[in-house]
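Engineer: Mind looking over this structure? Questions follow.
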Amino acid sequence: MQEFETVIGLEVHVELLTKTKMFCGCSTAFGASPNTQVCPLCLGLPGGTVPELNRKAIEYTIKAAMALNCSITEEITFDRKNYFYADLPKGYQISQFFYPMGTGGYVEIHLNGSTKKIGIRQIHLEEDTGKLLHLGNIISSPYSRVDFNRAGVPLVEIVTDPEVRSAEEARLFLQKLRSILRYIEISDCKMEEGSMRCDANISLMPLGSKEFGNKTELKNMNSFRSVYKGIEYEVERQRNILLEGAEVTPQTRHWDESKGLTKAMRSKFVSADYRCFPDPAIPPFDPPQEWLEEIRESIPELPDSRFTRFVREYELPPYDAEVLTGSREMADFFDAVLTLYNEPKNVSNWIMSEFLRLLNSTNTEISECRIKPEDLGELLNLMDKEVISGKIAKGVFEEMFASGEKPEDIIKKKGLVQISDENTLSKIIDSVLEGNPSSVEDFHSGKNKAMGFLVGQVMKETKGKANPQLVNKLLKEKIEK
Amino acid sequence: MELPNSSIQQIKTKINENTSFLDELGESVSQRCSKVQKKLNAFISFDPQFIAEQIEGIKNTVHNSKNLSLLGVPFALADNISTSEQKTTCASKFLATYQPPFDARVTSILKANGAIAAGKTNMNEFGVGCSGDSSYFKAVKNPCDTKHTSGNGAAAAVLTGAVKLSLASDALGELRQAASYCGVIAIKPTYGRISRRGLLDYASSLEQIGIISNSTGELAAVMETLFGYDPEDVSTLDAKVPAYSLMLDKNTNKIHAAVPEDWSDAPYLQDHIKILFQEQINKLEDLGIKIDLISLPHFRYASTAATIISAVEAFSNLANYDGIRFGYRGEAKHLQEMYTQTRSEGFSSKLKKFLTFGSLISTANYYHDYFLQSQKMRSLITIELDTCLQKYDLLLTPTTPFTAPKLDHPSPMNGELADPAGFYTAAANLAGLPALTFPVNGSGLPFGLHFMAKRENEIELLKTALLLEKEISFQKPEFDI
Ligand SMILES: [Zn+2]
């Protein structure tokens, strides 16, 4: 059977975390009622001029371009992409068609133990459009209404080279991209809320061929999972067409999540000719070198170099390092714990098991979590100093997670300090031995299980606070006498 | 009082002497405007009631406003400059009832300085051209001969003393051409001197608001008031505004002017203008101005290049006229049909031809051959003029190749791409240079001398105009109102 190579290029749109729109002071907050965050400018009323550019939006785009290893344009220019549609108030979209903010970058993904670079063709800044609202579906709705709240919200578009080879690579790329953009704090990248959107250009070519096949553009994938599933489906669909000897029709297709298939979409515009030309109302702007340096310096350690450092310096297994560096907050948390408690593997184990379990089961973001890194460090110290046992520590940690209290306070309040005093323990053990003569007999007749029972009784008497090693030692001494 | 013969300073003094003069002033402005309107159709909006309200407003605050620079000065705005208290129609059916939600920057400045808005002047639809025949509200007649066009209402209103000053837009020279047809002074400042916020422009990179006046001294005073950086318009210049009135009195060095050697090659150049212009050159030389004929090989292509660029920009700038958010809306069942109906019915056939041309040459097919070539020509002309004005203080030409065309024969065009009226004026728009037209009166209709100066060097133009005003016993053209 003929084999094919999959060629995928991704176009990712990301909404920036600026407080105001690109060319006016309107709020960008999510979820307001329709047309409450608009003004004559973003509504495209006559006589609007472009005010001073939104420096934050430009700064964020440059920051993203730098974090994606792109070279930055020498002169910042904006262009108009002209087309008519009801959600486009000015009749054109301001974008960076001719000179994108950044070009020629890359992102690294980790795949089956090796590293692959996905090229970033370009990254540019543009404005979002409004949104059409319909009663039911667009065909049967008696009207179309337009909400212009999103019109003019700054968007960054990131376009990859056609170097993605599978649905899995696409998903890994998006996850890494989201991680990087969140590290530099320019977007919250929530696919479900639409602050990160991904379209995929997909084509197949015979293995070893140099000529790309006809491509389809896949839209409407609203989660990492649906990107994966949508691409898988589309690749399979195209493979079947090609195996039948037919040709793939170049078109835009919609991923239908509920039905699990892709559907051809009627094109929104009659012509693909967008009539792009430089915006005549926005003079070109040279970003000062010092400003660019400032932006470069504001970029924190990114996930890849942090991953390498965690593996090399802390000797963590790659899997642990990948999870811990997946988000900046988690990696920061880990680093912060280490400043108080320098046992990386212990900290990692604790985070990977207890902490992640609690975060997941309560659906909490690490940024909203009440536990402070220094408190976890302190808890681990208390364990090492045998002030509390590991078992007690887990309970204390859950309490810390729920209340945000310090471990010392919880331990003091609940009287959880480990009993490590030999005299005190001796007395308790003596009374347990006295009260359980049959178990002592069992032990002497060779039943080792009896030992476990007796330890359990001591722990019960002490409400779990007895130092387990010490109990074991003392009990053995006494019973074997 | 005789408004046409009172200066800005006299009006101010009289108001400060006795506030009851304001009533007389209001009455006089209303009467004058209504006569001019009846005879020439110079206004689209003119409302004696609105004038009376403003007079009342000034009366109530006059104790705080004694020193306002334009106290009591009646002005008119072309009907493509936004006014929140009056309609702003662009002389188009599309906006026949449109009232903007905000004032243009110039409107607010004039109001804040105590000036009185007398009315909105008639013009070509959307300010495209100066033929006087494309207004939805009919043509404006020339005060000097009502069988001829006045180009626009702004120039006619100033010549006839209906107002002391008027503002209109200038993308290819429309403002200066109309001033030339009517025998008044007009300046198109350096690109960026005056905020375009609130101007319903059709060609953003070329178009500026200019000022029409009967006197150089008063022009200087108005320039000081209107010029300046506007954070709401990124295309404004962030440059200090000179104190023109003070500088005017200072002695001038010997002026050195250049005239393009092929100035008489302009298509449709009238014989008597050829003779008059030559006479004026001799007079200027008598005044001590040194004049050289020089070679400017690209100058003659200015109006064609500017026409192509302006058509592309107009196609895009007017794309927001879609019937969705404001203005005229055609009856239709579907979005596409609504666009077609709205724009077919809302725009004149002349404007539609222009927009269609802009739409055509911005498609990928023609972009390189026409639009890009025009932008290259624009660079060449800019360099050519900047170089010329390094050496010379002024570049001198006629303002128009002909005097005001007849109303029933609006333009001598004969299938040319560019309006021949813009032959001498368009270069200043392409290069963003300041230019001034100064009236010359022969036996027939008036015509203008056109001066261009270095970027931001408007003072050179004012000094020259003042010299002409004093030395060439300047007489206003005769008219009968
Ligand atoms: Zn807005």
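Within each chain, counting starts at residue 1; across the structure tokens, chains are named A, B, ... in the order shown, with ligands numbered 1 upward in that order.
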Which chains and residue numbers are within 8 Å of ligand 1, counting only C-alpha atoms and all ligand atoms, if I want them as a ChimeraX atom specification?
Structural biologist: /A:21,23-27,37-43,152
Engineer: Find the spatial neighbours of Leu425 in chain A, counting only C-alpha atoms, within a cut-off of 12 Å - ignore same-chain residues fewer than 2 positions away - and output them as a PyMOL selection string.
Structural biologist: chain A and resi 418-423+427-432+455+458-459+461-462+465-475+478
Engineer: Given only C-alpha atoms as the basis, pick out the residue of B:Ile209, B:Cys182, B:Met452, B:Leu385 nearest to Asp170 in chain B.
Structural biologist: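 Nearest to Asp170 in chain B: B:Ile209.
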Engineer: What residues in range 153-270 of chain B get the DSSP label strand (DSSP E)? Please answer as a PDB file with all heavy atoms, in the first residue's frame.
Structural biologist:
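The resulting file, result-v5.pdb, is reproduced below:
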ATOM      1  N   LEU B 165     -13.400  83.077   8.480  1.00  0.00           N
ATOM      2  CA  LEU B 165     -12.473  82.021   8.086  1.00  0.00           C
ATOM      3  C   LEU B 165     -13.252  80.746   7.880  1.00  0.00           C
ATOM      4  O   LEU B 165     -14.332  80.569   8.468  1.00  0.00           O
ATOM      5  CB  LEU B 165     -11.411  81.796   9.162  1.00  0.00           C
ATOM      6  CG  LEU B 165     -11.884  81.199  10.478  1.00  0.00           C
ATOM      7  CD1 LEU B 165     -11.370  79.791  10.659  1.00  0.00           C
ATOM      8  CD2 LEU B 165     -11.410  82.073  11.620  1.00  0.00           C
ATOM      9  N   SER B 166     -12.724  79.893   7.047  1.00  0.00           N
ATOM     10  CA  SER B 166     -13.365  78.595   6.913  1.00  0.00           C
ATOM     11  C   SER B 166     -12.320  77.519   6.746  1.00  0.00           C
ATOM     12  O   SER B 166     -11.203  77.772   6.298  1.00  0.00           O
ATOM     13  CB  SER B 166     -14.378  78.598   5.767  1.00  0.00           C
ATOM     14  OG  SER B 166     -13.726  78.696   4.540  1.00  0.00           O
ATOM     15  N   LEU B 167     -12.705  76.321   7.169  1.00  0.00           N
ATOM     16  CA  LEU B 167     -11.811  75.172   7.088  1.00  0.00           C
ATOM     17  C   LEU B 167     -12.392  74.164   6.109  1.00  0.00           C
ATOM     18  O   LEU B 167     -13.607  73.957   6.086  1.00  0.00           O
ATOM     19  CB  LEU B 167     -11.660  74.486   8.449  1.00  0.00           C
ATOM     20  CG  LEU B 167     -11.225  75.333   9.642  1.00  0.00           C
ATOM     21  CD1 LEU B 167     -10.970  74.440  10.850  1.00  0.00           C
ATOM     22  CD2 LEU B 167      -9.960  76.111   9.310  1.00  0.00           C
ATOM     23  N   ALA B 168     -11.514  73.573   5.312  1.00  0.00           N
ATOM     24  CA  ALA B 168     -11.949  72.525   4.394  1.00  0.00           C
ATOM     25  C   ALA B 168     -10.785  71.581   4.199  1.00  0.00           C
ATOM     26  O   ALA B 168      -9.648  71.883   4.585  1.00  0.00           O
ATOM     27  CB  ALA B 168     -12.391  73.125   3.067  1.00  0.00           C
ATOM     28  N   SER B 169     -11.061  70.424   3.589  1.00  0.00           N
ATOM     29  CA  SER B 169      -9.996  69.443   3.430  1.00  0.00           C
ATOM     30  C   SER B 169      -9.310  69.614   2.081  1.00  0.00           C
ATOM     31  O   SER B 169      -9.857  70.212   1.151  1.00  0.00           O
ATOM     32  CB  SER B 169     -10.564  68.035   3.547  1.00  0.00           C
ATOM     33  OG  SER B 169     -11.465  67.800   2.494  1.00  0.00           O
ATOM     34  N   ASP B 170      -8.097  69.079   2.006  1.00  0.00           N
ATOM     35  CA  ASP B 170      -7.269  69.240   0.822  1.00  0.00           C
ATOM     36  C   ASP B 170      -6.460  67.957   0.639  1.00  0.00           C
ATOM     37  O   ASP B 170      -5.550  67.682   1.402  1.00  0.00           O
ATOM     38  CB  ASP B 170      -6.339  70.445   1.037  1.00  0.00           C
ATOM     39  CG  ASP B 170      -5.558  70.828  -0.212  1.00  0.00           C
ATOM     40  OD1 ASP B 170      -4.882  69.947  -0.791  1.00  0.00           O
ATOM     41  OD2 ASP B 170      -5.595  71.997  -0.599  1.00  0.00           O
ATOM     42  N   ILE B 185      -7.188  83.759   0.115  1.00  0.00           N
ATOM     43  CA  ILE B 185      -5.935  83.115   0.530  1.00  0.00           C
ATOM     44  C   ILE B 185      -6.278  81.772   1.173  1.00  0.00           C
ATOM     45  O   ILE B 185      -7.257  81.679   1.929  1.00  0.00           O
ATOM     46  CB  ILE B 185      -5.190  83.975   1.567  1.00  0.00           C
ATOM     47  CG1 ILE B 185      -5.024  85.415   1.064  1.00  0.00           C
ATOM     48  CG2 ILE B 185      -3.832  83.372   1.915  1.00  0.00           C
ATOM     49  CD1 ILE B 185      -4.462  86.354   2.117  1.00  0.00           C
ATOM     50  N   ALA B 186      -5.491  80.744   0.890  1.00  0.00           N
ATOM     51  CA  ALA B 186      -5.706  79.467   1.570  1.00  0.00           C
ATOM     52  C   ALA B 186      -4.372  78.796   1.810  1.00  0.00           C
ATOM     53  O   ALA B 186      -3.465  78.896   0.989  1.00  0.00           O
ATOM     54  CB  ALA B 186      -6.602  78.560   0.731  1.00  0.00           C
ATOM     55  N   ILE B 187      -4.276  78.122   2.941  1.00  0.00           N
ATOM     56  CA  ILE B 187      -3.053  77.374   3.235  1.00  0.00           C
ATOM     57  C   ILE B 187      -3.389  75.918   3.519  1.00  0.00           C
ATOM     58  O   ILE B 187      -4.370  75.613   4.199  1.00  0.00           O
ATOM     59  CB  ILE B 187      -2.275  77.988   4.426  1.00  0.00           C
ATOM     60  CG1 ILE B 187      -0.911  77.321   4.556  1.00  0.00           C
ATOM     61  CG2 ILE B 187      -3.055  77.871   5.739  1.00  0.00           C
ATOM     62  CD1 ILE B 187       0.066  78.071   5.417  1.00  0.00           C
ATOM     63  N   LYS B 188      -2.604  75.045   2.925  1.00  0.00           N
ATOM     64  CA  LYS B 188      -2.607  73.630   3.308  1.00  0.00           C
ATOM     65  C   LYS B 188      -1.313  73.443   4.077  1.00  0.00           C
ATOM     66  O   LYS B 188      -0.236  73.529   3.505  1.00  0.00           O
ATOM     67  CB  LYS B 188      -2.606  72.704   2.092  1.00  0.00           C
ATOM     68  CG  LYS B 188      -2.573  71.235   2.487  1.00  0.00           C
ATOM     69  CD  LYS B 188      -1.889  70.340   1.456  1.00  0.00           C
ATOM     70  CE  LYS B 188      -0.390  70.267   1.608  1.00  0.00           C
ATOM     71  NZ  LYS B 188       0.080  69.389   2.691  1.00  0.00           N
ATOM     72  N   GLN B 208      -5.259  66.890   4.360  1.00  0.00           N
ATOM     73  CA  GLN B 208      -5.091  67.756   5.516  1.00  0.00           C
ATOM     74  C   GLN B 208      -6.242  68.732   5.576  1.00  0.00           C
ATOM     75  O   GLN B 208      -6.819  69.077   4.548  1.00  0.00           O
ATOM     76  CB  GLN B 208      -3.801  68.572   5.382  1.00  0.00           C
ATOM     77  CG  GLN B 208      -2.567  67.791   5.708  1.00  0.00           C
ATOM     78  CD  GLN B 208      -2.447  67.520   7.203  1.00  0.00           C
ATOM     79  OE1 GLN B 208      -2.043  68.360   7.977  1.00  0.00           O
ATOM     80  NE2 GLN B 208      -2.843  66.325   7.608  1.00  0.00           N
ATOM     81  N   ILE B 209      -6.540  69.217   6.787  1.00  0.00           N
ATOM     82  CA  ILE B 209      -7.482  70.320   6.894  1.00  0.00           C
ATOM     83  C   ILE B 209      -6.682  71.587   6.631  1.00  0.00           C
ATOM     84  O   ILE B 209      -5.589  71.771   7.157  1.00  0.00           O
ATOM     85  CB  ILE B 209      -8.132  70.354   8.284  1.00  0.00           C
ATOM     86  CG1 ILE B 209      -9.018  69.119   8.464  1.00  0.00           C
ATOM     87  CG2 ILE B 209      -8.936  71.645   8.476  1.00  0.00           C
ATOM     88  CD1 ILE B 209      -9.619  68.974   9.846  1.00  0.00           C
ATOM     89  N   GLY B 210      -7.237  72.460   5.767  1.00  0.00           N
ATOM     90  CA  GLY B 210      -6.578  73.725   5.478  1.00  0.00           C
ATOM     91  C   GLY B 210      -7.469  74.892   5.877  1.00  0.00           C
ATOM     92  O   GLY B 210      -8.632  74.700   6.236  1.00  0.00           O
ATOM     93  N   ILE B 211      -6.891  76.099   5.793  1.00  0.00           N
ATOM     94  CA  ILE B 211      -7.600  77.281   6.268  1.00  0.00           C
ATOM     95  C   ILE B 211      -7.744  78.290   5.135  1.00  0.00           C
ATOM     96  O   ILE B 211      -6.787  78.539   4.393  1.00  0.00           O
ATOM     97  CB  ILE B 211      -6.828  77.948   7.425  1.00  0.00           C
ATOM     98  CG1 ILE B 211      -6.473  76.903   8.489  1.00  0.00           C
ATOM     99  CG2 ILE B 211      -7.629  79.097   8.026  1.00  0.00           C
ATOM    100  CD1 ILE B 211      -5.369  77.347   9.423  1.00  0.00           C
ATOM    101  N   ILE B 212      -8.937  78.892   5.016  1.00  0.00           N
ATOM    102  CA  ILE B 212      -9.182  79.934   4.022  1.00  0.00           C
ATOM    103  C   ILE B 212      -9.452  81.237   4.748  1.00  0.00           C
ATOM    104  O   ILE B 212     -10.196  81.255   5.745  1.00  0.00           O
ATOM    105  CB  ILE B 212     -10.382  79.580   3.121  1.00  0.00           C
ATOM    106  CG1 ILE B 212     -10.141  78.229   2.441  1.00  0.00           C
ATOM    107  CG2 ILE B 212     -10.636  80.680   2.096  1.00  0.00           C
ATOM    108  CD1 ILE B 212     -11.295  77.770   1.570  1.00  0.00           C
ATOM    109  N   SER B 213      -8.837  82.313   4.261  1.00  0.00           N
ATOM    110  CA  SER B 213      -9.005  83.611   4.919  1.00  0.00           C
ATOM    111  C   SER B 213      -8.835  84.722   3.893  1.00  0.00           C
ATOM    112  O   SER B 213      -8.357  84.493   2.775  1.00  0.00           O
ATOM    113  CB  SER B 213      -7.957  83.737   6.030  1.00  0.00           C
ATOM    114  OG  SER B 213      -7.830  85.078   6.430  1.00  0.00           O
ATOM    115  N   HIS B 256      14.335  83.749  -2.194  1.00  0.00           N
ATOM    116  CA  HIS B 256      14.853  83.100  -3.394  1.00  0.00           C
ATOM    117  C   HIS B 256      13.837  82.019  -3.803  1.00  0.00           C
ATOM    118  O   HIS B 256      13.591  81.083  -3.046  1.00  0.00           O
ATOM    119  CB  HIS B 256      16.209  82.472  -3.066  1.00  0.00           C
ATOM    120  CG  HIS B 256      17.040  82.221  -4.279  1.00  0.00           C
ATOM    121  ND1 HIS B 256      18.332  81.731  -4.202  1.00  0.00           N
ATOM    122  CD2 HIS B 256      16.786  82.394  -5.593  1.00  0.00           C
ATOM    123  CE1 HIS B 256      18.821  81.600  -5.423  1.00  0.00           C
ATOM    124  NE2 HIS B 256      17.902  82.003  -6.289  1.00  0.00           N
ATOM    125  N   ALA B 257      13.205  82.194  -4.952  1.00  0.00           N
ATOM    126  CA  ALA B 257      12.154  81.264  -5.359  1.00  0.00           C
ATOM    127  C   ALA B 257      12.529  80.529  -6.643  1.00  0.00           C
ATOM    128  O   ALA B 257      13.275  81.044  -7.471  1.00  0.00           O
ATOM    129  CB  ALA B 257      10.837  82.008  -5.566  1.00  0.00           C
ATOM    130  N   ALA B 258      11.986  79.299  -6.763  1.00  0.00           N
ATOM    131  CA  ALA B 258      12.194  78.517  -7.981  1.00  0.00           C
ATOM    132  C   ALA B 258      10.859  78.344  -8.700  1.00  0.00           C
ATOM    133  O   ALA B 258       9.809  78.307  -8.072  1.00  0.00           O
ATOM    134  CB  ALA B 258      12.765  77.153  -7.625  1.00  0.00           C
ATOM    135  N   VAL B 259      10.930  78.275 -10.035  1.00  0.00           N
ATOM    136  CA  VAL B 259       9.749  77.979 -10.844  1.00  0.00           C
ATOM    137  C   VAL B 259      10.127  76.805 -11.744  1.00  0.00           C
ATOM    138  O   VAL B 259      11.197  76.823 -12.345  1.00  0.00           O
ATOM    139  CB  VAL B 259       9.358  79.196 -11.714  1.00  0.00           C
ATOM    140  CG1 VAL B 259       8.243  78.829 -12.681  1.00  0.00           C
ATOM    141  CG2 VAL B 259       8.938  80.373 -10.848  1.00  0.00           C
ATOM    142  N   PRO B 260       9.277  75.751 -11.786  1.00  0.00           N
ATOM    143  CA  PRO B 260       9.618  74.632 -12.687  1.00  0.00           C
ATOM    144  C   PRO B 260       9.677  75.137 -14.128  1.00  0.00           C
ATOM    145  O   PRO B 260       8.761  75.840 -14.581  1.00  0.00           O
ATOM    146  CB  PRO B 260       8.454  73.645 -12.515  1.00  0.00           C
ATOM    147  CG  PRO B 260       7.657  74.124 -11.350  1.00  0.00           C
ATOM    148  CD  PRO B 260       7.974  75.572 -11.138  1.00  0.00           C
TER     149      PRO B 260
END
Engineer: Could you jot down the CA of Gln9 in chain B to CA of Asp238 in chain B separation for me, Å, one decimal place?
Structural biologist: 29.3 Å
Engineer: Residues of chain A were defined as contacting chain B if any atom lay at most 9 Å from it, counting only C-alpha atoms; please report them as a ChimeraX atom specification.
Structural biologist: /A:24,40,43-53,80,82-86,88-92,273-277,279-283
Engineer: Just to confirm, what's the straight-line distance from CA of Lys463 in chain A to CA of Asn436 in chain A in Å (one decimal)?
Structural biologist: 18.2 Å
Engineer: Can you pull out every residue within 7 Å of Glu234 in chain A, counting only C-alpha atoms, but drop anything in the same chain fewer than 4 positions away, and send it as a PyMOL selection string?
Structural biologist: chain A and resi 230+238+262
Engineer: Mind giving me the straight-line distance from CA of Lys63 in chain A to CA of Leu292 in chain A in Å, one decimal?
Structural biologist: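 Computed distance, CA of Lys63 in chain A to CA of Leu292 in chain A, equals 8.7 Å.
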Engineer: Give the answer as one residue: which of B:Gln373, B:Asn251, B:Asn60, B:Ser7 has the shortest atom-to-atom distance to Tyr301 in chain B, using only C-alpha atoms?
Structural biologist: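 Ranking B:Gln373, B:Asn251, B:Asn60, B:Ser7 by distance to Tyr301 in chain B, first place goes to B:Gln373.
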Engineer: My list of candidates is A:Ser327, A:Thr6, A:Thr424, A:Thr364. Which is closest to Ala200 in chain A when distances are computed with only C-alpha atoms?
Structural biologist: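 Closest to Ala200 in chain A of all the choices is A:Thr6.
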Engineer: Can you tell me, as an mmCIF file with all heavy atoms, in the first residue's frame, what residues are no more than 7 Å from Leu389 in chain B when counting only C-alpha atoms, ignoring any on the same chain fewer than 5 positions away?
Structural biologist:
data_model
loop_
_atom_site.group_PDB
_atom_site.id
_atom_site.type_symbol
_atom_site.label_atom_id
_atom_site.label_comp_id
_atom_site.auth_asym_id
_atom_site.auth_seq_id
_atom_site.Cartn_x
_atom_site.Cartn_y
_atom_site.Cartn_z
ATOM 1 N N LEU B 394 11.204 79.024 -1.753
ATOM 2 C CA LEU B 394 9.856 78.764 -2.238
ATOM 3 C C LEU B 394 9.878 78.104 -3.599
ATOM 4 O O LEU B 394 10.816 78.290 -4.372
ATOM 5 C CB LEU B 394 9.089 80.091 -2.397
ATOM 6 C CG LEU B 394 8.855 80.953 -1.158
ATOM 7 C CD1 LEU B 394 8.369 82.333 -1.584
ATOM 8 C CD2 LEU B 394 7.851 80.289 -0.236
ATOM 9 N N ALA B 453 6.657 75.538 0.428
ATOM 10 C CA ALA B 453 7.851 75.793 1.236
ATOM 11 C C ALA B 453 8.322 74.495 1.881
ATOM 12 O O ALA B 453 7.664 73.459 1.750
ATOM 13 C CB ALA B 453 7.548 76.830 2.300
ATOM 14 N N LYS B 454 9.472 74.604 2.548
ATOM 15 C CA LYS B 454 10.020 73.444 3.271
ATOM 16 C C LYS B 454 9.031 72.963 4.316
ATOM 17 O O LYS B 454 8.238 73.739 4.824
ATOM 18 C CB LYS B 454 11.291 73.877 4.028
ATOM 19 C CG LYS B 454 12.566 73.803 3.232
ATOM 20 C CD LYS B 454 13.761 73.984 4.155
ATOM 21 C CE LYS B 454 14.410 75.352 4.131
ATOM 22 N NZ LYS B 454 14.663 76.019 2.908
#
Engineer: Using only C-alpha atoms, which of B:Gly127, B:Gly330, B:Gly228, B:Pro297 sits nearest Leu380 in chain B?
Structural biologist: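 Under the stated criterion, the closest residue is B:Pro297.
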Engineer: What are the DSSP alpha helix (DSSP H) residues of range 49-211 of chain A, as number ranges by chain?
Structural biologist: A: 55-67, 167-183
Engineer: Save out the residues we just selected, C-alpha atoms, as an mmCIF file, in the first residue's frame.
Structural biologist:
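Saved to result.cif:
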data_model
loop_
_atom_site.group_PDB
_atom_site.id
_atom_site.type_symbol
_atom_site.label_atom_id
_atom_site.label_comp_id
_atom_site.auth_asym_id
_atom_site.auth_seq_id
_atom_site.Cartn_x
_atom_site.Cartn_y
_atom_site.Cartn_z
ATOM 1 C CA ARG A 55 2.519 50.403 23.339
ATOM 2 C CA LYS A 56 1.637 47.423 25.501
ATOM 3 C CA ALA A 57 0.262 45.507 22.513
ATOM 4 C CA ILE A 58 3.424 46.190 20.512
ATOM 5 C CA GLU A 59 5.632 45.325 23.475
ATOM 6 C CA TYR A 60 3.826 42.013 24.045
ATOM 7 C CA THR A 61 4.126 41.050 20.381
ATOM 8 C CA ILE A 62 7.841 41.838 20.344
ATOM 9 C CA LYS A 63 8.263 39.885 23.569
ATOM 10 C CA ALA A 64 6.501 36.880 22.039
ATOM 11 C CA ALA A 65 8.587 37.158 18.874
ATOM 12 C CA MET A 66 11.772 37.172 20.953
ATOM 13 C CA ALA A 67 10.621 34.229 23.082
ATOM 14 C CA ALA A 167 -1.612 15.347 15.175
ATOM 15 C CA GLU A 168 0.605 14.511 18.133
ATOM 16 C CA GLU A 169 3.268 16.996 17.007
ATOM 17 C CA ALA A 170 0.573 19.633 16.561
ATOM 18 C CA ARG A 171 -0.662 19.075 20.079
ATOM 19 C CA LEU A 172 2.831 19.124 21.564
ATOM 20 C CA PHE A 173 3.619 22.298 19.642
ATOM 21 C CA LEU A 174 0.500 24.057 20.891
ATOM 22 C CA GLN A 175 1.154 23.005 24.468
ATOM 23 C CA LYS A 176 4.710 24.270 24.283
ATOM 24 C CA LEU A 177 3.580 27.494 22.621
ATOM 25 C CA ARG A 178 0.974 28.057 25.319
ATOM 26 C CA SER A 179 3.545 27.348 27.993
ATOM 27 C CA ILE A 180 5.982 29.906 26.489
ATOM 28 C CA LEU A 181 3.337 32.601 26.021
ATOM 29 C CA ARG A 182 2.136 32.102 29.582
ATOM 30 C CA TYR A 183 5.725 32.220 30.881
#
Engineer: Could you give me, as a PyMOL selection string, the residues within 6 Å of Ala151 in chain A, counting only C-alpha atoms and dropping anything in the same chain fewer than 3 positions from it?
Structural biologist: chain A and resi 128-130+148
Engineer: I need the residues from that last selection saved to file as a compact mmCIF listing (two decimals), in the first residue's frame (with N, CA and C atoms), if you can.
Structural biologist:
# COMPACT_ATOMS: atom_id res chain seq x y z
N ASP A 128 -8.75 42.13 16.36
CA ASP A 128 -9.83 41.15 16.27
C ASP A 128 -11.06 41.80 15.62
N THR A 129 -11.99 40.98 15.18
CA THR A 129 -13.24 41.48 14.60
C THR A 129 -14.36 41.34 15.64
N GLY A 130 -15.55 41.80 15.28
CA GLY A 130 -16.72 41.59 16.15
C GLY A 130 -17.21 40.17 15.99
N PHE A 148 -19.86 44.10 18.88
CA PHE A 148 -18.54 44.66 18.53
C PHE A 148 -17.59 44.75 19.72
Engineer: So, counting only C-alpha atoms, which residue among B:Arg105, B:Glu24, B:His63, B:Ser150 is closest to Ser180 in chain B?
Structural biologist: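 Answer, going by the shortest atom-to-atom distance: B:Ser150.
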Engineer: Could you give me, as number ranges by chain, the residues within 12 Å of Lys141 in chain B, counting only C-alpha atoms and dropping anything in the same chain fewer than 2 positions from it?
Structural biologist: B: 36-43, 122-123, 131-133, 138-139, 143-157, 160, 178, 181-182, 404-408, 410, 479, 481
Engineer: I need the residue nearest Ile118 in chain A from this list: A:Pro142, A:Pro162, A:Gly404, A:Pro303. Use only C-alpha atoms for the distance.
Structural biologist: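 Using only C-alpha atoms, Ile118 in chain A sits closest to A:Pro162.
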